[in-house]
$ cat run-v9.txt   # compact mmCIF, C-alpha atoms
# COMPACT_ATOMS: atom_id res chain seq x y z
CA MET A 281 127.13 101.14 87.77
CA LYS A 282 127.11 97.89 85.82
CA SER A 283 123.85 96.74 84.21
CA LYS A 284 123.91 93.43 86.05
CA GLU A 285 124.20 95.19 89.37
CA ILE A 286 121.26 97.51 88.58
CA LEU A 287 119.16 94.49 87.67
CA THR A 288 119.96 92.33 90.69
CA ARG A 289 120.00 95.16 93.22
CA GLY A 290 116.20 95.37 93.33
CA ILE A 291 115.89 91.64 93.88
CA VAL A 292 118.23 91.10 96.82
CA LYS A 293 120.20 94.01 98.23
CA GLU A 294 117.43 96.59 97.87
CA ASN A 295 114.39 94.35 97.84
CA PRO A 296 111.47 96.79 97.97
CA VAL A 297 109.51 94.79 100.54
CA PHE A 298 112.00 93.02 102.78
CA VAL A 299 114.77 95.61 102.83
CA LEU A 300 113.27 99.00 101.92
CA ILE A 301 109.90 98.17 103.58
CA LEU A 302 107.86 99.95 100.91
CA GLY A 303 104.35 99.33 99.60
CA LEU A 304 103.16 97.24 102.52
CA CYS A 305 99.41 97.63 101.86
CA PRO A 306 99.19 95.41 98.75
CA VAL A 307 101.84 93.04 100.12
CA LEU A 308 99.78 92.30 103.22
CA ALA A 309 96.40 92.36 101.53
CA VAL A 310 96.75 90.14 98.46
CA SER A 311 99.20 87.60 99.88
CA THR A 312 96.59 85.05 100.99
CA GLN A 313 96.85 83.08 97.72
CA ALA A 314 100.04 82.50 95.71
CA GLU A 315 98.15 82.98 92.46
CA ASN A 316 96.89 86.45 93.44
CA ALA A 317 100.36 87.35 94.64
CA ILE A 318 101.85 86.57 91.21
CA GLY A 319 99.07 88.53 89.49
CA MET A 320 99.58 91.55 91.72
CA GLY A 321 103.37 91.32 91.33
CA LEU A 322 103.17 91.22 87.55
CA ALA A 323 100.63 94.07 87.38
CA THR A 324 102.87 96.21 89.60
CA THR A 325 105.92 95.27 87.50
CA PHE A 326 104.07 96.38 84.36
CA VAL A 327 103.18 99.76 85.87
CA LEU A 328 106.71 100.15 87.20
CA LEU A 329 108.20 99.36 83.79
CA GLY A 330 105.84 101.71 81.94
CA SER A 331 106.30 104.62 84.31
CA ASN A 332 110.08 104.16 84.51
CA ILE A 333 110.39 104.13 80.70
CA VAL A 334 108.24 107.23 80.15
CA ILE A 335 109.70 109.19 83.06
CA SER A 336 113.21 108.35 81.93
CA LEU A 337 112.39 109.52 78.38
CA LEU A 338 110.81 112.75 79.68
CA ARG A 339 113.37 113.42 82.41
CA ASN A 340 114.74 116.48 80.64
CA VAL A 341 111.29 117.79 79.70
CA ILE A 342 109.43 117.62 83.03
CA PRO A 343 110.22 120.73 85.13
CA SER A 344 111.41 119.64 88.55
CA ARG A 345 108.90 121.84 90.39
CA ILE A 346 105.88 120.00 89.02
CA ARG A 347 107.48 116.58 88.71
CA ILE A 348 105.34 114.92 91.42
CA PRO A 349 101.99 115.77 89.74
CA CYS A 350 103.45 114.58 86.42
CA TYR A 351 104.49 111.27 87.99
CA ILE A 352 101.03 110.90 89.55
CA VAL A 353 99.33 111.31 86.16
CA LEU A 354 101.73 108.94 84.38
CA ILE A 355 101.57 106.25 87.06
CA SER A 356 97.80 106.36 87.40
CA SER A 357 97.42 106.14 83.61
CA PHE A 358 99.51 102.98 83.50
CA THR A 359 97.53 101.63 86.44
CA ALA A 360 94.28 102.22 84.57
CA LEU A 361 95.75 100.38 81.57
CA ALA A 362 96.76 97.40 83.70
CA LYS A 363 93.37 97.40 85.40
CA MET A 364 91.47 97.31 82.12
CA ALA A 365 93.72 94.61 80.65
CA ILE A 366 93.24 92.37 83.69
CA GLU A 367 89.49 93.02 83.73
CA ALA A 368 89.29 91.96 80.09
CA TYR A 369 91.58 88.93 80.03
CA ALA A 370 91.73 87.61 83.62
CA TYR A 371 88.41 88.40 85.26
CA PRO A 372 88.79 86.02 88.26
CA LEU A 373 92.09 87.73 89.12
CA TYR A 374 90.41 91.12 88.70
CA GLN A 375 87.81 90.12 91.27
CA ALA A 376 90.37 88.63 93.65
CA LEU A 377 92.56 91.73 93.66
CA GLY A 378 89.55 94.02 93.96
CA ILE A 379 90.34 97.49 95.19
CA PHE A 380 94.07 96.82 95.36
CA LEU A 381 94.33 96.93 91.58
CA PRO A 382 93.56 100.68 91.23
CA LEU A 383 95.60 101.19 94.40
CA ILE A 384 98.78 100.32 92.46
CA ALA A 385 98.62 104.00 91.53
CA THR A 386 99.44 104.94 95.12
CA ASN A 387 102.14 102.31 95.62
CA CYS A 388 105.22 104.04 97.02
CA ILE A 389 107.63 101.58 95.35
CA ILE A 390 106.71 103.02 91.95
CA PHE A 391 107.09 106.62 93.14
CA ALA A 392 110.37 105.74 94.79
CA ARG A 393 111.82 104.26 91.58
CA ALA A 394 110.55 107.21 89.51
CA GLU A 395 111.97 109.79 91.88
CA ILE A 396 115.22 108.08 92.84
CA PHE A 397 116.14 106.32 89.62
CA ALA A 398 114.17 106.95 86.42
CA SER A 399 114.29 110.74 86.70
CA ARG A 400 118.11 110.66 86.74
CA ASN A 401 119.10 107.78 84.48
CA ASN A 402 118.91 106.76 80.84
CA ILE A 403 116.20 104.50 79.50
CA LYS A 404 118.24 101.29 79.42
CA ASP A 405 119.19 101.52 83.08
CA SER A 406 115.65 102.55 84.02
CA VAL A 407 114.21 99.45 82.34
CA LEU A 408 116.69 97.22 84.17
CA ASP A 409 115.89 98.97 87.44
CA ALA A 410 112.14 98.54 86.93
CA VAL A 411 112.52 94.86 86.07
CA GLY A 412 114.77 94.29 89.08
CA SER A 413 112.45 96.05 91.53
CA GLY A 414 109.37 94.47 89.98
CA VAL A 415 110.81 90.95 90.19
CA GLY A 416 111.97 91.63 93.75
CA PHE A 417 108.48 92.78 94.69
CA THR A 418 106.86 89.77 93.00
CA LEU A 419 109.22 87.31 94.70
CA ALA A 420 108.64 88.92 98.09
CA LEU A 421 104.88 88.73 97.61
CA LEU A 422 105.17 85.12 96.48
CA ALA A 423 107.25 84.20 99.53
CA ILE A 424 104.69 85.66 101.93
CA ALA A 425 101.76 84.23 99.97
CA THR A 426 103.31 80.74 99.90
CA ILE A 427 103.64 80.65 103.68
CA ARG A 428 100.15 82.05 104.19
CA GLU A 429 98.45 79.80 101.64
CA VAL A 430 100.16 76.59 102.76
CA LEU A 431 99.49 77.21 106.45
CA GLY A 432 96.22 79.08 106.17
CA SER A 433 94.38 77.25 103.39
CA GLY A 434 96.35 74.00 103.15
CA SER A 435 96.97 74.46 99.44
CA PHE A 436 99.59 75.79 97.04
CA PHE A 437 98.54 77.60 93.83
CA GLY A 438 95.05 76.23 94.47
CA PHE A 439 96.19 72.58 94.70
CA ALA A 440 95.21 70.99 97.99
CA LEU A 441 98.11 69.60 100.01
CA PRO A 442 97.70 66.31 101.89
CA TRP A 443 97.38 66.52 105.70
CA LEU A 444 97.75 70.32 105.75
CA GLU A 445 94.40 70.58 104.02
CA ASP A 446 92.66 69.07 107.05
CA ASN A 447 94.78 70.95 109.56
CA THR A 448 94.65 74.58 108.50
CA THR A 449 95.66 77.41 110.76
CA MET A 450 92.99 79.97 110.03
CA ILE A 451 94.90 82.93 111.40
CA PHE A 452 97.36 82.87 108.49
CA ALA A 453 94.57 83.38 105.99
CA LEU A 454 93.15 86.30 107.98
CA ALA A 455 94.48 89.82 108.45
CA PRO A 456 96.70 89.23 111.53
CA GLY A 457 98.53 86.42 109.72
CA GLY A 458 99.84 88.91 107.16
CA PHE A 459 101.43 91.04 109.87
CA ILE A 460 102.88 88.00 111.66
CA VAL A 461 104.41 86.40 108.55
CA LEU A 462 105.93 89.70 107.40
CA ALA A 463 107.28 90.34 110.92
CA CYS A 464 108.94 86.90 111.03
CA ILE A 465 110.49 87.27 107.57
CA LEU A 466 111.82 90.73 108.48
CA ALA A 467 113.24 89.28 111.69
CA VAL A 468 115.04 86.61 109.63
CA VAL A 469 116.36 89.31 107.26
CA ASN A 470 117.52 91.26 110.30
CA TYR A 471 119.20 88.19 111.77
CA VAL A 472 120.95 87.14 108.55
CA SER A 473 122.17 90.66 107.74
CA LYS A 474 122.99 91.31 111.42
CA GLY A 475 120.63 94.28 111.50
CA GLN A 476 122.29 95.99 108.53
CA ALA A 477 119.50 95.52 105.99
CA THR A 478 116.60 97.15 107.78
CA LYS A 479 118.65 99.62 109.74
CA ARG A 480 116.49 102.52 108.63
CA GLN A 481 113.24 102.84 110.52
CA LEU A 482 111.03 103.20 107.47
CA GLY A 483 112.48 103.45 104.01
CA CYS A 484 110.32 106.07 102.40
CA ASP A 485 112.92 108.00 100.44
CA GLY A 486 111.45 109.22 97.23
CA CYS A 487 107.86 108.40 98.15
CA PRO A 488 105.66 111.50 97.96
CA SER A 489 104.08 110.39 101.22
CA ALA A 490 107.45 110.58 102.93
CA MET A 491 106.56 113.86 104.57
CA SER A 492 103.47 112.41 106.15
CA CYS A 493 105.01 109.19 107.38
CA GLY A 494 108.61 108.18 107.92
CA LYS A 495 110.29 111.53 107.52
CA LEU A 496 107.88 113.41 109.74
CA LYS A 497 110.41 113.79 112.54
CA GLU A 498 112.93 115.52 110.33
CA ILE A 499 110.29 117.91 109.01
CA ASN A 500 109.09 118.66 112.53
CA ASP A 501 112.61 119.50 113.57
CA GLY A 502 113.06 121.67 110.52
CA ILE A 503 110.09 123.95 111.15
CA MET B 188 67.23 111.06 97.98
CA GLU B 189 66.16 108.25 100.26
CA PHE B 190 67.26 108.48 103.85
CA ASP B 191 67.55 105.17 105.66
CA PHE B 192 68.96 105.70 109.12
CA LYS B 193 69.39 101.99 109.78
CA SER B 194 71.58 101.40 106.76
CA LEU B 195 73.65 104.49 107.59
CA VAL B 196 74.36 103.14 111.09
CA ILE B 197 75.33 99.79 109.59
CA ILE B 198 77.71 101.41 107.09
CA MET B 199 79.25 103.51 109.84
CA MET B 200 79.74 100.66 112.33
CA SER B 201 81.06 98.42 109.60
CA ALA B 202 83.68 100.96 108.51
CA VAL B 203 84.81 101.84 112.04
CA LEU B 204 84.90 98.43 113.71
CA VAL B 205 84.25 95.37 111.59
CA ASN B 206 86.02 96.31 108.38
CA ASN B 207 88.51 98.67 109.96
CA TYR B 208 90.58 100.09 107.13
CA VAL B 209 94.00 99.56 108.66
CA LEU B 210 93.57 96.45 110.75
CA ARG B 211 91.24 94.41 108.58
CA GLN B 212 91.80 95.71 105.05
CA PHE B 213 95.46 96.80 105.16
CA LEU B 214 94.78 100.26 103.77
CA GLY B 215 97.05 103.03 105.00
CA VAL B 216 99.54 100.69 106.66
CA CYS B 217 102.54 102.93 105.92
CA PRO B 218 101.37 105.98 107.93
CA PHE B 219 99.93 103.58 110.54
CA LEU B 220 103.39 102.15 111.18
CA GLY B 221 105.35 105.32 110.51
CA VAL B 222 103.54 108.05 112.42
CA SER B 223 102.34 106.12 115.48
CA LYS B 224 105.26 106.89 117.76
CA ASP B 225 103.61 109.58 119.87
CA LEU B 226 100.03 110.54 120.53
CA LYS B 227 100.27 114.08 119.18
CA SER B 228 101.39 113.10 115.71
CA SER B 229 99.18 110.00 115.46
CA ALA B 230 96.07 111.98 116.43
CA GLY B 231 97.07 114.75 114.00
CA MET B 232 97.58 112.25 111.20
CA GLY B 233 94.30 110.49 112.02
CA LEU B 234 92.34 113.75 112.05
CA SER B 235 93.80 114.91 108.74
CA VAL B 236 92.96 111.56 107.15
CA LEU B 237 89.40 111.83 108.48
CA PHE B 238 89.09 115.38 107.14
CA VAL B 239 90.54 114.63 103.70
CA MET B 240 88.48 111.42 103.38
CA ILE B 241 85.22 113.34 103.89
CA MET B 242 86.26 116.06 101.45
CA ALA B 243 87.45 113.53 98.88
CA ALA B 244 84.28 111.46 99.12
CA ALA B 245 82.16 114.58 98.71
CA ALA B 246 84.15 115.69 95.67
CA THR B 247 84.58 112.40 93.81
CA TRP B 248 81.05 111.00 94.16
CA PRO B 249 79.29 113.68 92.04
CA ILE B 250 82.08 113.59 89.45
CA GLN B 251 81.70 109.83 89.00
CA VAL B 252 77.89 109.79 89.02
CA TYR B 253 77.16 112.91 86.99
CA LEU B 254 80.22 113.18 84.76
CA LEU B 255 82.08 109.91 84.24
CA THR B 256 79.33 107.28 84.24
CA PRO B 257 76.81 109.06 81.95
CA ASN B 258 79.54 109.83 79.41
CA GLY B 259 81.01 106.34 79.41
CA LEU B 260 84.26 107.55 80.94
CA GLY B 261 84.33 105.03 83.79
CA PHE B 262 87.79 103.85 82.72
CA MET B 263 89.19 107.29 83.62
CA GLN B 264 88.26 106.74 87.28
CA THR B 265 91.77 106.00 88.58
CA VAL B 266 93.39 109.01 86.93
CA VAL B 267 90.56 111.46 87.63
CA PHE B 268 90.15 110.49 91.29
CA ILE B 269 93.85 110.78 92.03
CA LEU B 270 94.00 114.19 90.39
CA ILE B 271 90.89 115.36 92.27
CA ILE B 272 92.34 114.24 95.59
CA ALA B 273 95.68 115.88 94.81
CA THR B 274 94.05 119.17 93.83
CA LEU B 275 91.68 119.07 96.77
CA VAL B 276 94.48 118.58 99.26
CA GLN B 277 96.33 121.57 97.84
CA LEU B 278 93.16 123.65 98.02
CA VAL B 279 92.38 122.63 101.59
CA GLU B 280 95.93 123.51 102.56
CA VAL B 281 95.68 127.00 101.07
CA VAL B 282 92.24 127.67 102.62
CA LEU B 283 93.30 126.43 106.06
CA ARG B 284 96.49 128.47 106.00
CA LYS B 285 94.55 131.62 105.17
CA PHE B 286 91.41 131.30 107.29
CA LEU B 287 92.08 128.76 110.05
CA PRO B 288 95.76 129.15 110.94
CA ALA B 289 95.29 127.37 114.29
CA ILE B 290 94.12 124.16 112.63
CA PHE B 291 96.73 124.54 109.92
CA ALA B 292 99.47 124.73 112.54
CA SER B 293 98.51 121.35 113.97
CA LEU B 294 97.38 119.46 110.85
CA GLY B 295 99.20 121.33 108.08
CA ILE B 296 102.28 119.15 108.03
CA TYR B 297 100.26 116.00 107.40
CA LEU B 298 98.15 117.44 104.60
CA PRO B 299 100.39 118.00 101.57
CA LEU B 300 101.11 114.40 100.79
CA MET B 301 97.82 112.85 101.74
CA THR B 302 97.54 112.56 97.96
CA THR B 303 99.10 109.16 97.85
CA ASN B 304 97.59 107.81 101.06
CA CYS B 305 95.95 104.67 99.77
CA ALA B 306 93.22 104.73 102.45
CA VAL B 307 91.84 108.03 101.12
CA PHE B 308 91.88 106.79 97.54
CA ALA B 309 90.29 103.48 98.57
CA VAL B 310 87.35 105.17 100.31
CA THR B 311 86.43 107.08 97.17
CA ILE B 312 86.63 103.98 94.98
CA SER B 313 84.77 101.66 97.33
CA ASN B 314 81.97 104.25 97.62
CA ILE B 315 81.46 103.91 93.87
CA ASN B 316 81.93 100.11 93.80
CA ASN B 317 79.31 99.65 96.54
CA GLU B 318 76.90 101.95 94.68
CA TYR B 319 76.31 104.12 97.71
CA THR B 320 74.09 107.20 97.60
CA PHE B 321 75.73 110.55 98.33
CA ILE B 322 74.77 110.46 102.03
CA GLU B 323 75.92 106.86 102.37
CA ALA B 324 79.22 107.75 100.70
CA LEU B 325 79.79 110.56 103.19
CA VAL B 326 78.91 108.31 106.13
CA SER B 327 81.25 105.59 104.93
CA ALA B 328 84.03 108.18 104.58
CA VAL B 329 83.42 109.42 108.14
CA GLY B 330 83.41 105.82 109.36
CA ALA B 331 86.62 104.94 107.54
CA GLY B 332 88.32 108.07 108.89
CA LEU B 333 87.15 107.43 112.45
CA GLY B 334 88.28 103.81 112.17
CA PHE B 335 91.71 104.98 111.01
CA LEU B 336 91.92 107.51 113.86
CA LEU B 337 90.85 104.86 116.39
CA ALA B 338 93.42 102.36 115.14
CA MET B 339 96.17 105.02 115.15
CA VAL B 340 95.45 106.17 118.70
CA ILE B 341 95.15 102.65 120.14
CA PHE B 342 98.29 101.54 118.34
CA THR B 343 100.23 104.51 119.71
CA GLY B 344 99.39 103.31 123.21
CA VAL B 345 100.56 99.81 122.32
CA ARG B 346 103.81 101.11 120.85
CA GLU B 347 104.59 103.20 123.89
CA GLN B 348 104.48 99.96 125.87
CA THR B 349 106.55 97.91 123.39
CA ALA B 350 109.19 100.65 123.34
CA ALA B 351 109.98 99.80 126.96
CA ALA B 352 110.01 96.04 126.30
CA ASP B 353 113.08 94.04 125.37
CA PRO B 354 112.36 91.76 122.38
CA PRO B 355 114.94 89.37 120.84
CA GLU B 356 117.64 91.23 118.92
CA ALA B 357 116.31 90.26 115.47
CA PHE B 358 112.79 91.42 116.30
CA LYS B 359 113.82 94.92 117.38
CA GLY B 360 112.36 97.80 115.38
CA ILE B 361 109.89 97.03 112.61
CA PRO B 362 109.27 93.28 113.26
CA ILE B 363 108.04 93.80 116.83
CA THR B 364 105.88 96.72 115.64
CA LEU B 365 104.27 94.40 113.07
CA ILE B 366 103.69 91.74 115.72
CA SER B 367 101.91 94.30 117.91
CA ALA B 368 99.82 95.32 114.90
CA ALA B 369 98.89 91.66 114.39
CA ILE B 370 97.71 91.35 118.00
CA LEU B 371 95.70 94.57 117.72
CA SER B 372 94.20 93.28 114.46
CA LEU B 373 93.22 90.05 116.25
CA ALA B 374 91.49 92.13 118.90
CA PHE B 375 89.35 93.77 116.21
CA PHE B 376 88.11 90.32 115.16
CA ALA B 377 86.05 90.43 118.34
CA PHE B 378 83.72 92.83 116.51
CA GLU B 379 82.84 90.12 113.99
CA GLY B 380 79.07 89.66 114.01
CA VAL B 381 78.33 93.08 115.49
CA ILE B 382 76.65 94.24 112.29
CA GLU B 383 74.41 91.19 111.85
CA ASN B 384 73.10 91.51 115.38
CA LEU B 385 72.84 95.28 115.49
CA PHE B 386 69.10 95.51 114.78
CA LYS B 387 67.84 92.17 116.01
$ encode --input "run-v9.txt" --output "structure tokens"
Amino acid sequence: MKSKEILTRGIVKENPVFVLILGLCPVLAVSTQAENAIGMGLATTFVLLGSNIVISLLRNVIPSRIRIPCYIVLISSFTALAKMAIEAYAYPLYQALGIFLPLIATNCIIFARAEIFASRNNIKDSVLDAVGSGVGFTLALLAIATIREVLGSGSFFGFALPWLEDNTTMIFALAPGGFIVLACILAVVNYVSKGQATKRQLGCDGCPSAMSCGKLKEINDGI
Amino acid sequence: MEFDFKSLVIIMMSAVLVNNYVLRQFLGVCPFLGVSKDLKSSAGMGLSVLFVMIMAAAATWPIQVYLLTPNGLGFMQTVVFILIIATLVQLVEVVLRKFLPAIFASLGIYLPLMTTNCAVFAVTISNINNEYTFIEALVSAVGAGLGFLLAMVIFTGVREQTAAADPPEAFKGIPITLISAAILSLAFFAFEGVIENLFK
């Protein structure tokens, strides 16, 4: 596969949020402000990049039977690094992201990239893959956050917008708004791709939680 | 250890209704959307989450308070907690399989990968962040688990109805599921203010 394709795949064709429907918890939770969305996106990209690089380097060393625990340790270490860096240099962001910052460690996008890509490919491709997926995730978060911030708070990146500022629609800033905006965007993706993009019910391939969520049916049938 | 019944009730009600983990805080959305197709699996998933949450809260609280904080190892929290939860889940699985095969048969399939369920991890961390006592931490874990179970079971009922409905082509599948989740989440806003007026 060409490098350019690996890089752009994560942004459009296999966008982690809009197409693969992975990692919904942080997407829905921190997308009330565009600024927080960017912060969360970059922190996740950092962890993704770090874990992809190390897992790709160690792919011939880690025995496949204990690979999941190894990934858990690596990913949570990078998460702790990101958490401490943000706490030290961007304290307001640290407070805004709150519990969702340590929760990057349980983000299925990162597990999915480690399991599907980094554990089978060389370091150069893994870096491109991490950057692609990370940028795709950040852009998706930003798209949702823009809609929610403009409609819900009447501002964009903290700057108040005329008229909208006095006519906010509270629901978009609250929890239900996250579900509604994501649902509408997914419907648009469905419409544009004629149902091809989100054909799978829940894209959990490679996520260690797959057995307990999307793939449950298959496992049930197997027993 | 102080024992304040009033504050325990407040923590419990807050976790179950007002700050419901799935519908208000977006924790554990993936299993919420993925496993809510029929009542048997959603109740099984909800019960395992409840069970693991209590175990995890009981295991991580002493480690943080007696081991990490006094030794200045607070920065290891993320790594240590995830490893504890992962080990615990494995242990619970082995014990259940050996001694309680009936429970294992119904919950066993949901257990192994509870490790990366963000709701479980979030309970343990928010217990520490809120500086709860051990009893309060346990109560908040029970509340969070019950809230998750409640949301799962209600949402299964909603989904059984939407399955028979006929939404626009583009909304079929995940979008209409998310819209139903939004409406259910709105319904939980009715509990706003319950806590403040609980002991008036």
$ residues_around --input "run-v9.txt" --residues "Ile335 (chain A)" --least-positions-apart "5" --cutoff "8 Å" --atoms "only C-alpha atoms" --output "ChimeraX atom specification"
/A:351,394,398-399
$ residues_around --input "run-v9.txt" --residues "region 368-376 of chain B" --least-positions-apart "3" --cutoff "9 Å" --atoms "all atoms listed in the file" --output "ChimeraX atom specification"
/A:451,455-460 /B:204-207,209-211,220,338,341-342,345,363-365,379
$ write_last_selection --input "run-v9.txt" --atoms "C-alpha atoms" --output "PDB file, in the coordinates of the input"
ATOM      1  CA  ILE A 451      94.900  82.930 111.400  1.00  0.00           C
ATOM      2  CA  ALA A 455      94.480  89.820 108.450  1.00  0.00           C
ATOM      3  CA  PRO A 456      96.700  89.230 111.530  1.00  0.00           C
ATOM      4  CA  GLY A 457      98.530  86.420 109.720  1.00  0.00           C
ATOM      5  CA  GLY A 458      99.840  88.910 107.160  1.00  0.00           C
ATOM      6  CA  PHE A 459     101.430  91.040 109.870  1.00  0.00           C
ATOM      7  CA  ILE A 460     102.880  88.000 111.660  1.00  0.00           C
TER       8      ILE A 460
ATOM      9  CA  LEU B 204      84.900  98.430 113.710  1.00  0.00           C
ATOM     10  CA  VAL B 205      84.250  95.370 111.590  1.00  0.00           C
ATOM     11  CA  ASN B 206      86.020  96.310 108.380  1.00  0.00           C
ATOM     12  CA  ASN B 207      88.510  98.670 109.960  1.00  0.00           C
ATOM     13  CA  VAL B 209      94.000  99.560 108.660  1.00  0.00           C
ATOM     14  CA  LEU B 210      93.570  96.450 110.750  1.00  0.00           C
ATOM     15  CA  ARG B 211      91.240  94.410 108.580  1.00  0.00           C
ATOM     16  CA  LEU B 220     103.390 102.150 111.180  1.00  0.00           C
ATOM     17  CA  ALA B 338      93.420 102.360 115.140  1.00  0.00           C
ATOM     18  CA  ILE B 341      95.150 102.650 120.140  1.00  0.00           C
ATOM     19  CA  PHE B 342      98.290 101.540 118.340  1.00  0.00           C
ATOM     20  CA  VAL B 345     100.560  99.810 122.320  1.00  0.00           C
ATOM     21  CA  ILE B 363     108.040  93.800 116.830  1.00  0.00           C
ATOM     22  CA  THR B 364     105.880  96.720 115.640  1.00  0.00           C
ATOM     23  CA  LEU B 365     104.270  94.400 113.070  1.00  0.00           C
ATOM     24  CA  GLU B 379      82.840  90.120 113.990  1.00  0.00           C
TER      25      GLU B 379
END
$ atom_distance --input "run-v9.txt" --atom1 "CA of Asp446 (chain A)" --atom2 "CA of Cys464 (chain A)"
24.5 Å
$ residues_around --input "run-v9.txt" --residues "Leu322 (chain A)" --least-positions-apart "3" --cutoff "9 Å" --atoms "all atoms listed in the file" --output "list in words"
Ala317, Ile318, Gly319, Thr325, Phe326, Val327, Gly414, Val415 and Thr418 of chain A
$ write_last_selection --input "run-v9.txt" --atoms "C-alpha atoms" --output "PDB file, in the frame of the given file"
ATOM      1  CA  ALA A 317     100.360  87.350  94.640  1.00  0.00           C
ATOM      2  CA  ILE A 318     101.850  86.570  91.210  1.00  0.00           C
ATOM      3  CA  GLY A 319      99.070  88.530  89.490  1.00  0.00           C
ATOM      4  CA  THR A 325     105.920  95.270  87.500  1.00  0.00           C
ATOM      5  CA  PHE A 326     104.070  96.380  84.360  1.00  0.00           C
ATOM      6  CA  VAL A 327     103.180  99.760  85.870  1.00  0.00           C
ATOM      7  CA  GLY A 414     109.370  94.470  89.980  1.00  0.00           C
ATOM      8  CA  VAL A 415     110.810  90.950  90.190  1.00  0.00           C
ATOM      9  CA  THR A 418     106.860  89.770  93.000  1.00  0.00           C
TER      10      THR A 418
END
$ interface_residues --input "run-v9.txt" --of "chain B" --to "chain A" --cutoff "6 Å" --atoms "all atoms listed in the file" --output "list of chain:residue names"
B:Arg211, B:Phe213, B:Leu214, B:Val216, B:Pro218, B:Gly221, B:Val222, B:Val266, B:Tyr297, B:Leu300, B:Thr303, B:Cys305, B:Ala357, B:Phe358, B:Pro362, B:Leu365, B:Ile366, B:Ala369, B:Ser372, B:Leu373
$ atom_distance --input "run-v9.txt" --atom1 "CA of Leu195 (chain B)" --atom2 "CA of Met240 (chain B)"
16.9 Å
$ residues_around --input "run-v9.txt" --residues "Val326 (chain B)" --least-positions-apart "6" --cutoff "9 Å" --atoms "only C-alpha atoms" --output "count of residues only"
5
$ atom_distance --input "run-v9.txt" --atom1 "CA of Glu280 (chain B)" --atom2 "CA of Ala246 (chain B)"
15.7 Å
$ build_atoms --input "run-v9.txt" --residues "region 367-371 of chain B" --atoms "all heavy atoms" --output "PDB file, keeping the file's coordinate frame"
ATOM      1  N   SER B 367     102.930  93.609 117.108  1.00  0.00           N
ATOM      2  CA  SER B 367     101.910  94.300 117.910  1.00  0.00           C
ATOM      3  C   SER B 367     100.694  94.633 117.050  1.00  0.00           C
ATOM      4  O   SER B 367      99.557  94.536 117.524  1.00  0.00           O
ATOM      5  CB  SER B 367     102.444  95.595 118.534  1.00  0.00           C
ATOM      6  OG  SER B 367     103.817  95.646 118.548  1.00  0.00           O
ATOM      7  N   ALA B 368     100.943  95.023 115.795  1.00  0.00           N
ATOM      8  CA  ALA B 368      99.820  95.320 114.900  1.00  0.00           C
ATOM      9  C   ALA B 368      98.967  94.086 114.687  1.00  0.00           C
ATOM     10  O   ALA B 368      97.732  94.156 114.635  1.00  0.00           O
ATOM     11  CB  ALA B 368     100.345  95.839 113.563  1.00  0.00           C
ATOM     12  N   ALA B 369      99.635  92.908 114.580  1.00  0.00           N
ATOM     13  CA  ALA B 369      98.890  91.660 114.390  1.00  0.00           C
ATOM     14  C   ALA B 369      97.989  91.388 115.586  1.00  0.00           C
ATOM     15  O   ALA B 369      96.827  90.996 115.431  1.00  0.00           O
ATOM     16  CB  ALA B 369      99.869  90.493 114.196  1.00  0.00           C
ATOM     17  N   ILE B 370      98.513  91.627 116.800  1.00  0.00           N
ATOM     18  CA  ILE B 370      97.710  91.350 118.000  1.00  0.00           C
ATOM     19  C   ILE B 370      96.533  92.313 118.070  1.00  0.00           C
ATOM     20  O   ILE B 370      95.407  91.926 118.382  1.00  0.00           O
ATOM     21  CB  ILE B 370      98.601  91.456 119.257  1.00  0.00           C
ATOM     22  CG1 ILE B 370      99.657  90.347 119.202  1.00  0.00           C
ATOM     23  CG2 ILE B 370      97.772  91.327 120.513  1.00  0.00           C
ATOM     24  CD1 ILE B 370     100.731  90.461 120.234  1.00  0.00           C
ATOM     25  N   LEU B 371      96.774  93.580 117.714  1.00  0.00           N
ATOM     26  CA  LEU B 371      95.700  94.570 117.720  1.00  0.00           C
ATOM     27  C   LEU B 371      94.637  94.188 116.675  1.00  0.00           C
ATOM     28  O   LEU B 371      93.431  94.312 116.909  1.00  0.00           O
ATOM     29  CB  LEU B 371      96.270  95.953 117.417  1.00  0.00           C
ATOM     30  CG  LEU B 371      95.310  97.116 117.557  1.00  0.00           C
ATOM     31  CD1 LEU B 371      94.729  97.154 118.951  1.00  0.00           C
ATOM     32  CD2 LEU B 371      96.030  98.428 117.273  1.00  0.00           C
TER      33      LEU B 371
END
